[in-house]
Each structure stands twice: as C-alpha cells, then as structure tokens.
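Shown here: run-v1.pdb, PDB, C-alpha atoms.
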ATOM      1  CA  MET A  92     178.514 176.683  49.957
ATOM      2  CA  LYS A  93     179.622 173.746  47.818
ATOM      3  CA  ASN A  94     179.294 174.025  44.048
ATOM      4  CA  PRO A  95     178.090 170.748  42.453
ATOM      5  CA  GLY A  96     179.723 171.651  39.126
ATOM      6  CA  THR A  97     183.097 172.155  40.764
ATOM      7  CA  ALA A  98     182.796 168.826  42.585
ATOM      8  CA  ALA A  99     181.940 167.031  39.333
ATOM      9  CA  VAL A 100     184.807 168.612  37.382
ATOM     10  CA  LEU A 101     187.314 167.841  40.129
ATOM     11  CA  SER A 102     186.239 164.190  40.171
ATOM     12  CA  ALA A 103     186.305 164.029  36.388
ATOM     13  CA  ILE A 104     189.928 165.164  36.465
ATOM     14  CA  ILE A 105     191.001 162.948  39.384
ATOM     15  CA  PRO A 106     188.386 160.545  40.759
ATOM     16  CA  GLY A 107     188.009 161.217  44.477
ATOM     17  CA  LEU A 108     189.035 164.859  44.326
ATOM     18  CA  GLY A 109     185.419 166.008  44.131
ATOM     19  CA  GLN A 110     184.566 163.889  47.157
ATOM     20  CA  LEU A 111     187.485 165.479  48.996
ATOM     21  CA  TYR A 112     186.113 168.914  48.012
ATOM     22  CA  ASN A 113     182.748 167.821  49.467
ATOM     23  CA  GLY A 114     184.417 166.786  52.716
ATOM     24  CA  THR A 115     183.663 163.067  52.403
ATOM     25  CA  ILE A 116     187.108 161.704  53.168
ATOM     26  CA  TRP A 117     186.253 157.986  53.142
ATOM     27  CA  ARG A 118     184.506 158.258  49.792
ATOM     28  CA  ALA A 119     187.534 160.116  48.423
ATOM     29  CA  ILE A 120     189.904 157.403  49.634
ATOM     30  CA  PHE A 121     187.651 154.771  48.048
ATOM     31  CA  TRP A 122     187.801 156.458  44.631
ATOM     32  CA  PHE A 123     191.545 157.180  44.954
ATOM     33  CA  VAL A 124     192.150 153.436  45.445
ATOM     34  CA  VAL A 125     189.512 151.766  43.258
ATOM     35  CA  THR A 126     189.863 153.806  40.078
ATOM     36  CA  PRO A 127     193.590 153.214  39.476
ATOM     37  CA  GLY A 128     193.050 149.536  40.253
ATOM     38  CA  LEU A 129     190.370 149.264  37.603
ATOM     39  CA  TRP A 130     192.383 151.296  35.099
ATOM     40  CA  ILE A 131     195.292 148.903  35.475
ATOM     41  CA  GLY A 132     193.285 145.719  35.975
ATOM     42  CA  THR A 133     191.039 146.149  32.939
ATOM     43  CA  GLY A 134     193.388 147.942  30.597
ATOM     44  CA  GLY A 135     191.420 151.176  30.911
ATOM     45  CA  LEU A 136     187.957 149.859  30.085
ATOM     46  CA  LEU A 137     186.436 150.238  33.560
ATOM     47  CA  GLY A 138     188.595 153.230  34.444
ATOM     48  CA  TRP A 139     186.381 155.506  32.331
ATOM     49  CA  ILE A 140     183.286 154.143  34.024
ATOM     50  CA  CYS A 141     184.806 154.913  37.437
ATOM     51  CA  HIS A 142     185.594 158.452  36.314
ATOM     52  CA  LEU A 143     181.976 159.011  35.312
ATOM     53  CA  ILE A 144     180.509 157.436  38.448
ATOM     54  CA  SER A 145     182.871 159.416  40.659
ATOM     55  CA  ALA A 146     181.911 162.703  38.982
ATOM     56  CA  TYR A 147     178.206 161.806  39.153
ATOM     57  CA  THR A 148     178.308 160.960  42.869
ATOM     58  CA  ALA A 149     180.369 164.067  43.708
ATOM     59  CA  TYR A 150     177.873 166.261  41.849
ATOM     60  CA  HIS A 151     174.830 164.767  43.536
ATOM     61  CA  TYR A 152     176.353 164.824  47.009
ATOM     62  CA  ALA A 153     177.228 168.520  46.640
ATOM     63  CA  ALA A 154     173.736 169.260  45.306
ATOM     64  CA  GLU A 155     172.044 167.477  48.221
ATOM     65  CA  HIS A 156     174.411 168.856  50.891
ATOM     66  CA  PRO A 157     175.281 172.401  49.763
ATOM     67  CA  TYR A 158     176.460 173.619  53.169
ATOM     68  CA  PRO A 159     179.437 172.179  55.058
ATOM     69  CA  GLY A 160     178.803 170.327  58.241
TER      70      GLY A 160
END

Show the structure stored in the file as structure tokens.
Amino acid sequence: MKNPGTAAVLSAIIPGLGQLYNGTIWRAIFWFVVTPGLWIGTGGLLGWICHLISAYTAYHYAAEHPYPG
C-alpha cells in the first residue's frame, strides 16, 4: 500500500521521486526534467512552485490509488 505522506515528502526533496515511488514513470521523468529547467531558467523563482506542485500531485495520486497495479 502506498503512503501519500511518503510520496509527498519524496517529491518535496527531489521533484519526481514521489511519482517514481507511486509507479508513474512518465510523470516522474516529467518532473525530473521540468523542475531543474525552471530552477535554472527563472533563477529559482518557479523552481519552488514546481517542488510544491510535484509534492501535491504525488500525494493526491497515492491517496487516490493506494494499491499498486
């Protein structure tokens, strides 16, 4: 069973890691690519927003799909 809190914390640390924990590989790749691009491209301003959105989506996905498969 997936823990939504764990997914959110993992994505807060490294955006995309929570999605990887949830088993959504394409979403994880998206966050692994987009977040560093926005950190660099905006001087960090949008990087924080990506961190929060990534954690939020990882949490809600794990809450809605608690069992693998």

Which distance in Å separates CA of Gly96 in chain A and CA of Ala149 in chain A, to one decimal?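 Atom-to-atom, CA of Gly96 in chain A to CA of Ala149 in chain A, that is 8.9 Å.
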
Nearest to Ile120 in chain A: which of A:Trp139, A:Val100, A:Ser145, A:Glu155 is it, counting only C-alpha atoms?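 Using only C-alpha atoms, the shortest distance to Ile120 in chain A belongs to A:Ser145.
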
For Ala119 in chain A: contacts at 7 Å, all atoms listed in the file, fewer than 6 positions along chain excluded, given as a PyMOL selection string: chain A and resi 107-108+110-111

Could you tell me how far CA of Gly134 in chain A sits from CA of Thr115 in chain A, in Å to one decimal place?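 Result for CA of Thr115 in chain A versus CA of Gly134 in chain A: 28.3 Å, one decimal.
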
Give me, please, the distance in Å between CA of Leu129 in chain A and CA of Ala98 in chain A, quoted to one decimal.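 Straight-line distance from CA of Leu129 in chain A to CA of Ala98 in chain A works out to 21.6 Å.
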
For the provided coordinates, the residues matched by the PyMOL selection byres ((chain A and resi 97) around 12) should be stated as a list in words.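 Evaluating the PyMOL selection byres ((chain A and resi 97) around 12) on this file yields Met92, Lys93, Asn94, Pro95, Gly96, Ala98, Ala99, Val100, Leu101, Ser102, Ala103, Ile104, Leu108, Gly109, Gln110, Leu111, Tyr112, Asn113, Ala146, Tyr147, Ala149, Tyr150, His151, Tyr152, Ala153, Ala154 and Pro157 of chain A.
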
Excluding Leu136 in chain A and any residue of its chain fewer than 6 positions from it, enumerate the residues within 12 Å of it, using all atoms listed in the file, and give them as a list in words.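 Result of the neighbour search: Thr126, Pro127, Gly128, Leu129, Trp130 and His142 of chain A.
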